$ cat entry.cif   # mmCIF, N, CA and C atoms
data_structure
#
loop_
_atom_site.group_PDB
_atom_site.id
_atom_site.type_symbol
_atom_site.label_atom_id
_atom_site.label_comp_id
_atom_site.auth_asym_id
_atom_site.auth_seq_id
_atom_site.Cartn_x
_atom_site.Cartn_y
_atom_site.Cartn_z
ATOM 1 N N MET H 1 6.901 -55.082 7.458
ATOM 2 C CA MET H 1 5.698 -54.351 7.165
ATOM 3 C C MET H 1 5.634 -53.030 7.908
ATOM 4 N N GLU H 2 6.151 -52.978 9.094
ATOM 5 C CA GLU H 2 6.092 -51.746 9.866
ATOM 6 C C GLU H 2 6.882 -50.641 9.182
ATOM 7 N N ASN H 3 7.990 -50.989 8.565
ATOM 8 C CA ASN H 3 8.823 -50.009 7.893
ATOM 9 C C ASN H 3 8.081 -49.390 6.715
ATOM 10 N N LEU H 4 7.345 -50.195 5.956
ATOM 11 C CA LEU H 4 6.587 -49.706 4.812
ATOM 12 C C LEU H 4 5.466 -48.778 5.267
ATOM 13 N N GLU H 5 4.810 -49.082 6.353
ATOM 14 C CA GLU H 5 3.735 -48.239 6.868
ATOM 15 C C GLU H 5 4.261 -46.888 7.348
ATOM 16 N N THR H 6 5.414 -46.884 7.982
ATOM 17 C CA THR H 6 5.982 -45.608 8.437
ATOM 18 C C THR H 6 6.421 -44.752 7.264
ATOM 19 N N GLN H 7 6.904 -45.387 6.202
ATOM 20 C CA GLN H 7 7.292 -44.624 5.014
ATOM 21 C C GLN H 7 6.063 -43.992 4.351
ATOM 22 N N LEU H 8 4.970 -44.749 4.284
ATOM 23 C CA LEU H 8 3.750 -44.208 3.690
ATOM 24 C C LEU H 8 3.192 -43.050 4.536
ATOM 25 N N SER H 9 3.172 -43.231 5.838
ATOM 26 C CA SER H 9 2.643 -42.163 6.680
ATOM 27 C C SER H 9 3.549 -40.927 6.623
ATOM 28 N N GLU H 10 4.848 -41.126 6.486
ATOM 29 C CA GLU H 10 5.768 -39.995 6.363
ATOM 30 C C GLU H 10 5.543 -39.263 5.037
ATOM 31 N N LYS H 11 5.295 -40.005 3.967
ATOM 32 C CA LYS H 11 5.012 -39.370 2.667
ATOM 33 C C LYS H 11 3.711 -38.582 2.737
ATOM 34 N N GLU H 12 2.708 -39.144 3.384
ATOM 35 C CA GLU H 12 1.435 -38.430 3.532
ATOM 36 C C GLU H 12 1.621 -37.154 4.350
ATOM 37 N N ARG H 13 2.399 -37.239 5.396
ATOM 38 C CA ARG H 13 2.666 -36.061 6.218
ATOM 39 C C ARG H 13 3.401 -34.997 5.408
ATOM 40 N N GLN H 14 4.384 -35.409 4.620
ATOM 41 C CA GLN H 14 5.130 -34.461 3.796
ATOM 42 C C GLN H 14 4.223 -33.804 2.751
ATOM 43 N N GLN H 15 3.312 -34.603 2.176
ATOM 44 C CA GLN H 15 2.377 -34.031 1.202
ATOM 45 C C GLN H 15 1.455 -33.006 1.854
ATOM 46 N N GLN H 16 0.994 -33.301 3.050
ATOM 47 C CA GLN H 16 0.133 -32.363 3.760
ATOM 48 C C GLN H 16 0.878 -31.068 4.089
ATOM 49 N N VAL H 17 2.129 -31.214 4.557
ATOM 50 C CA VAL H 17 2.929 -30.030 4.873
ATOM 51 C C VAL H 17 3.182 -29.219 3.610
ATOM 52 N N ASN H 18 3.468 -29.896 2.517
ATOM 53 C CA ASN H 18 3.719 -29.223 1.242
ATOM 54 C C ASN H 18 2.473 -28.473 0.772
ATOM 55 N N GLN H 19 1.319 -29.130 0.851
ATOM 56 C CA GLN H 19 0.077 -28.473 0.425
ATOM 57 C C GLN H 19 -0.256 -27.272 1.317
ATOM 58 N N THR H 20 -0.012 -27.415 2.599
ATOM 59 C CA THR H 20 -0.259 -26.303 3.524
ATOM 60 C C THR H 20 0.655 -25.126 3.194
ATOM 61 N N ALA H 21 1.912 -25.401 2.917
ATOM 62 C CA ALA H 21 2.858 -24.340 2.572
ATOM 63 C C ALA H 21 2.474 -23.667 1.258
ATOM 64 N N LEU H 22 2.059 -24.451 0.273
ATOM 65 C CA LEU H 22 1.658 -23.873 -1.010
ATOM 66 C C LEU H 22 0.409 -23.005 -0.860
ATOM 67 N N ARG H 23 -0.553 -23.452 -0.039
ATOM 68 C CA ARG H 23 -1.751 -22.632 0.211
ATOM 69 C C ARG H 23 -1.384 -21.325 0.911
ATOM 70 N N SER H 24 -0.437 -21.399 1.829
ATOM 71 C CA SER H 24 -0.002 -20.204 2.542
ATOM 72 C C SER H 24 0.661 -19.212 1.591
ATOM 73 N N ILE H 25 1.486 -19.712 0.690
ATOM 74 C CA ILE H 25 2.144 -18.845 -0.294
ATOM 75 C C ILE H 25 1.119 -18.215 -1.223
ATOM 76 N N LYS H 26 0.153 -19.002 -1.668
ATOM 77 C CA LYS H 26 -0.882 -18.476 -2.558
ATOM 78 C C LYS H 26 -1.719 -17.414 -1.851
ATOM 79 N N ALA H 27 -2.049 -17.643 -0.581
ATOM 80 C CA ALA H 27 -2.821 -16.663 0.182
ATOM 81 C C ALA H 27 -2.030 -15.370 0.360
ATOM 82 N N MET H 28 -0.731 -15.489 0.598
ATOM 83 C CA MET H 28 0.113 -14.305 0.743
ATOM 84 C C MET H 28 0.162 -13.506 -0.560
ATOM 85 N N ASP H 29 0.279 -14.188 -1.684
ATOM 86 C CA ASP H 29 0.272 -13.511 -2.978
ATOM 87 C C ASP H 29 -1.063 -12.819 -3.238
ATOM 88 N N THR H 30 -2.151 -13.467 -2.858
ATOM 89 C CA THR H 30 -3.476 -12.877 -3.042
ATOM 90 C C THR H 30 -3.633 -11.621 -2.184
ATOM 91 N N ARG H 31 -3.151 -11.672 -0.941
ATOM 92 C CA ARG H 31 -3.221 -10.493 -0.068
ATOM 93 C C ARG H 31 -2.384 -9.346 -0.624
ATOM 94 N N ARG H 32 -1.203 -9.664 -1.164
ATOM 95 C CA ARG H 32 -0.342 -8.635 -1.737
ATOM 96 C C ARG H 32 -1.019 -7.969 -2.924
ATOM 97 N N ALA H 33 -1.652 -8.760 -3.776
ATOM 98 C CA ALA H 33 -2.365 -8.197 -4.927
ATOM 99 C C ALA H 33 -3.548 -7.356 -4.467
ATOM 100 N N ALA H 34 -4.248 -7.807 -3.445
ATOM 101 C CA ALA H 34 -5.397 -7.055 -2.937
ATOM 102 C C ALA H 34 -4.958 -5.711 -2.363
ATOM 103 N N ARG H 35 -3.810 -5.677 -1.690
ATOM 104 C CA ARG H 35 -3.304 -4.401 -1.170
ATOM 105 C C ARG H 35 -2.999 -3.435 -2.308
ATOM 106 N N GLY H 36 -2.430 -3.945 -3.384
ATOM 107 C CA GLY H 36 -2.138 -3.097 -4.537
ATOM 108 C C GLY H 36 -3.404 -2.512 -5.135
ATOM 109 N N TYR H 37 -4.441 -3.338 -5.258
ATOM 110 C CA TYR H 37 -5.712 -2.841 -5.786
ATOM 111 C C TYR H 37 -6.320 -1.800 -4.846
ATOM 112 N N ALA H 38 -6.180 -2.011 -3.547
ATOM 113 C CA ALA H 38 -6.738 -1.064 -2.581
ATOM 114 C C ALA H 38 -6.022 0.283 -2.673
ATOM 115 N N VAL H 39 -4.710 0.264 -2.836
ATOM 116 C CA VAL H 39 -3.956 1.512 -2.958
ATOM 117 C C VAL H 39 -4.363 2.263 -4.220
ATOM 118 N N MET H 40 -4.497 1.554 -5.315
ATOM 119 C CA MET H 40 -4.886 2.206 -6.570
ATOM 120 C C MET H 40 -6.306 2.752 -6.483
ATOM 121 N N ALA H 41 -7.205 2.030 -5.857
ATOM 122 C CA ALA H 41 -8.583 2.507 -5.714
ATOM 123 C C ALA H 41 -8.623 3.767 -4.843
ATOM 124 N N ALA H 42 -7.825 3.786 -3.797
ATOM 125 C CA ALA H 42 -7.785 4.974 -2.934
ATOM 126 C C ALA H 42 -7.211 6.171 -3.686
ATOM 127 N N ALA H 43 -6.157 5.948 -4.458
ATOM 128 C CA ALA H 43 -5.551 7.048 -5.211
ATOM 129 C C ALA H 43 -6.513 7.586 -6.260
ATOM 130 N N LEU H 44 -7.188 6.700 -6.955
ATOM 131 C CA LEU H 44 -8.147 7.149 -7.961
ATOM 132 C C LEU H 44 -9.328 7.863 -7.318
ATOM 133 N N GLY H 45 -9.784 7.369 -6.204
ATOM 134 C CA GLY H 45 -10.890 8.015 -5.501
ATOM 135 C C GLY H 45 -10.509 9.396 -4.999
ATOM 136 N N TYR H 46 -9.283 9.530 -4.488
ATOM 137 C CA TYR H 46 -8.828 10.841 -4.028
ATOM 138 C C TYR H 46 -8.718 11.797 -5.211
ATOM 139 N N GLY H 47 -8.160 11.337 -6.324
ATOM 140 C CA GLY H 47 -8.010 12.190 -7.495
ATOM 141 C C GLY H 47 -9.339 12.674 -8.029
ATOM 142 N N GLU H 48 -10.299 11.778 -8.117
ATOM 143 C CA GLU H 48 -11.623 12.166 -8.599
ATOM 144 C C GLU H 48 -12.309 13.111 -7.627
ATOM 145 N N GLY H 49 -12.142 12.873 -6.345
ATOM 146 C CA GLY H 49 -12.758 13.738 -5.347
ATOM 147 C C GLY H 49 -12.111 15.114 -5.297
ATOM 148 N N ALA H 50 -10.791 15.166 -5.453
ATOM 149 C CA ALA H 50 -10.080 16.434 -5.365
ATOM 150 C C ALA H 50 -10.331 17.308 -6.588
ATOM 151 N N LEU H 51 -10.639 16.700 -7.707
ATOM 152 C CA LEU H 51 -10.866 17.477 -8.923
ATOM 153 C C LEU H 51 -12.337 17.768 -9.161
ATOM 154 N N GLY H 52 -13.196 17.273 -8.316
ATOM 155 C CA GLY H 52 -14.636 17.441 -8.513
ATOM 156 C C GLY H 52 -15.131 18.805 -8.065
ATOM 157 N N ARG H 53 -16.430 19.000 -8.163
ATOM 158 C CA ARG H 53 -17.065 20.269 -7.815
ATOM 159 C C ARG H 53 -17.630 20.261 -6.394
ATOM 160 N N GLY H 54 -17.420 19.198 -5.671
ATOM 161 C CA GLY H 54 -17.982 19.091 -4.320
ATOM 162 C C GLY H 54 -17.160 19.852 -3.296
ATOM 163 N N THR H 55 -17.498 19.640 -2.033
ATOM 164 C CA THR H 55 -16.831 20.324 -0.928
ATOM 165 C C THR H 55 -15.353 19.958 -0.859
ATOM 166 N N PHE H 56 -15.047 18.687 -1.012
ATOM 167 C CA PHE H 56 -13.656 18.258 -0.942
ATOM 168 C C PHE H 56 -12.842 18.855 -2.086
ATOM 169 N N GLY H 57 -13.430 18.947 -3.263
ATOM 170 C CA GLY H 57 -12.742 19.554 -4.400
ATOM 171 C C GLY H 57 -12.449 21.022 -4.152
ATOM 172 N N LYS H 58 -13.385 21.741 -3.548
ATOM 173 C CA LYS H 58 -13.198 23.164 -3.251
ATOM 174 C C LYS H 58 -12.120 23.361 -2.180
ATOM 175 N N ILE H 59 -12.131 22.523 -1.157
ATOM 176 C CA ILE H 59 -11.118 22.615 -0.102
ATOM 177 C C ILE H 59 -9.738 22.296 -0.670
ATOM 178 N N SER H 60 -9.667 21.284 -1.504
ATOM 179 C CA SER H 60 -8.396 20.906 -2.119
ATOM 180 C C SER H 60 -7.861 22.032 -3.003
ATOM 181 N N HIS H 61 -8.729 22.660 -3.767
ATOM 182 C CA HIS H 61 -8.313 23.757 -4.632
ATOM 183 C C HIS H 61 -7.825 24.950 -3.796
ATOM 184 N N ALA H 62 -8.520 25.251 -2.713
ATOM 185 C CA ALA H 62 -8.101 26.345 -1.835
ATOM 186 C C ALA H 62 -6.747 26.041 -1.196
ATOM 187 N N ALA H 63 -6.517 24.802 -0.816
ATOM 188 C CA ALA H 63 -5.236 24.426 -0.226
ATOM 189 C C ALA H 63 -4.107 24.569 -1.242
ATOM 190 N N LYS H 64 -4.372 24.193 -2.492
ATOM 191 C CA LYS H 64 -3.364 24.368 -3.542
ATOM 192 C C LYS H 64 -3.032 25.842 -3.728
ATOM 193 N N LEU H 65 -4.049 26.694 -3.781
ATOM 194 C CA LEU H 65 -3.817 28.127 -3.956
ATOM 195 C C LEU H 65 -3.050 28.722 -2.779
ATOM 196 N N PHE H 66 -3.367 28.290 -1.567
ATOM 197 C CA PHE H 66 -2.644 28.759 -0.388
ATOM 198 C C PHE H 66 -1.166 28.375 -0.471
ATOM 199 N N CYS H 67 -0.886 27.143 -0.849
ATOM 200 C CA CYS H 67 0.517 26.695 -0.947
ATOM 201 C C CYS H 67 1.268 27.483 -2.019
ATOM 202 N N ILE H 68 0.638 27.719 -3.150
ATOM 203 C CA ILE H 68 1.277 28.483 -4.217
ATOM 204 C C ILE H 68 1.531 29.917 -3.753
ATOM 205 N N GLY H 69 0.544 30.545 -3.133
ATOM 206 C CA GLY H 69 0.714 31.902 -2.631
ATOM 207 C C GLY H 69 1.806 32.003 -1.580
ATOM 208 N N PHE H 70 1.846 31.042 -0.676
ATOM 209 C CA PHE H 70 2.882 31.042 0.360
ATOM 210 C C PHE H 70 4.261 30.874 -0.254
ATOM 211 N N ALA H 71 4.377 30.027 -1.283
ATOM 212 C CA ALA H 71 5.663 29.833 -1.949
ATOM 213 C C ALA H 71 6.126 31.117 -2.638
ATOM 214 N N PHE H 72 5.193 31.921 -3.147
ATOM 215 C CA PHE H 72 5.568 33.186 -3.772
ATOM 216 C C PHE H 72 5.903 34.258 -2.726
ATOM 217 N N LEU H 73 5.220 34.269 -1.614
ATOM 218 C CA LEU H 73 5.442 35.289 -0.593
ATOM 219 C C LEU H 73 6.629 35.008 0.319
ATOM 220 N N LEU H 74 7.007 33.770 0.491
ATOM 221 C CA LEU H 74 8.069 33.412 1.422
ATOM 222 C C LEU H 74 9.393 34.101 1.123
ATOM 223 N N PRO H 75 9.876 34.151 -0.125
ATOM 224 C CA PRO H 75 11.145 34.858 -0.361
ATOM 225 C C PRO H 75 11.073 36.339 0.021
ATOM 226 N N SER H 76 9.961 36.986 -0.286
ATOM 227 C CA SER H 76 9.813 38.399 0.082
ATOM 228 C C SER H 76 9.832 38.564 1.595
ATOM 229 N N LEU H 77 9.131 37.702 2.302
ATOM 230 C CA LEU H 77 9.116 37.789 3.756
ATOM 231 C C LEU H 77 10.485 37.542 4.355
ATOM 232 N N LEU H 78 11.241 36.599 3.783
ATOM 233 C CA LEU H 78 12.588 36.323 4.288
ATOM 234 C C LEU H 78 13.523 37.496 4.029
ATOM 235 N N ILE H 79 13.408 38.127 2.865
ATOM 236 C CA ILE H 79 14.243 39.287 2.575
ATOM 237 C C ILE H 79 13.924 40.407 3.538
ATOM 238 N N TRP H 80 12.676 40.673 3.815
ATOM 239 C CA TRP H 80 12.297 41.723 4.759
ATOM 240 C C TRP H 80 12.847 41.399 6.153
ATOM 241 N N ARG H 81 12.747 40.160 6.521
ATOM 242 C CA ARG H 81 13.175 39.753 7.868
ATOM 243 C C ARG H 81 14.692 39.817 8.024
ATOM 244 N N VAL H 82 15.445 39.328 7.009
ATOM 245 C CA VAL H 82 16.893 39.212 7.130
ATOM 246 C C VAL H 82 17.593 40.527 6.753
ATOM 247 N N LEU H 83 17.194 41.146 5.672
ATOM 248 C CA LEU H 83 17.927 42.322 5.179
ATOM 249 C C LEU H 83 17.420 43.635 5.742
ATOM 250 N N LEU H 84 16.188 43.738 6.062
ATOM 251 C CA LEU H 84 15.664 45.025 6.510
ATOM 252 C C LEU H 84 15.453 45.097 7.980
#
$ encode --input "entry.cif" --output "structure tokens"
Amino acid sequence: MENLETQLSEKERQQQVNQTALRSIKAMDTRRAARGYAVMAAALGYGEGALGRGTFGKISHAAKLFCIGFAFLLPSLLIWRVLL
């Protein structure tokens, strides 16, 4: 009888370990999906804010214009510096 009881308790222990592992895997998958949703929400929020008429949209537009202007002026500045 003792052998049968140890086998039953071992099966119960294995089932508990299995259920714990499955819950852990499911929780990890849920966290991974939540991170993906958070990244997409942040990207969409930034896009809407950068294209809007508010302060952030104006600053973003000015930064874009500065980068474009600098990209156009840089070759001229390098030529003046190196060749002249």
$ atom_distance --input "entry.cif" --atom1 "atom CA of Ser60 of chain H" --atom2 "atom CA of Leu74 of chain H"
21.0 Å
$ atom_distance --input "entry.cif" --atom1 "atom C of Gly54 of chain H" --atom2 "atom N of Phe72 of chain H"
25.4 Å
$ axis_aligned_box --input "entry.cif" --around "segment 46-61 of chain H" --padding-each-side "8 Å" --output "lines of an AutoDock Vina configuration file"
center_x = -12.9
center_y = 17.2
center_z = -4.6
size_x = 26.2
size_y = 31.4
size_z = 25.1
$ atom_distance --input "entry.cif" --atom1 "atom C of Met28 of chain H" --atom2 "atom C of Met40 of chain H"
18.5 Å
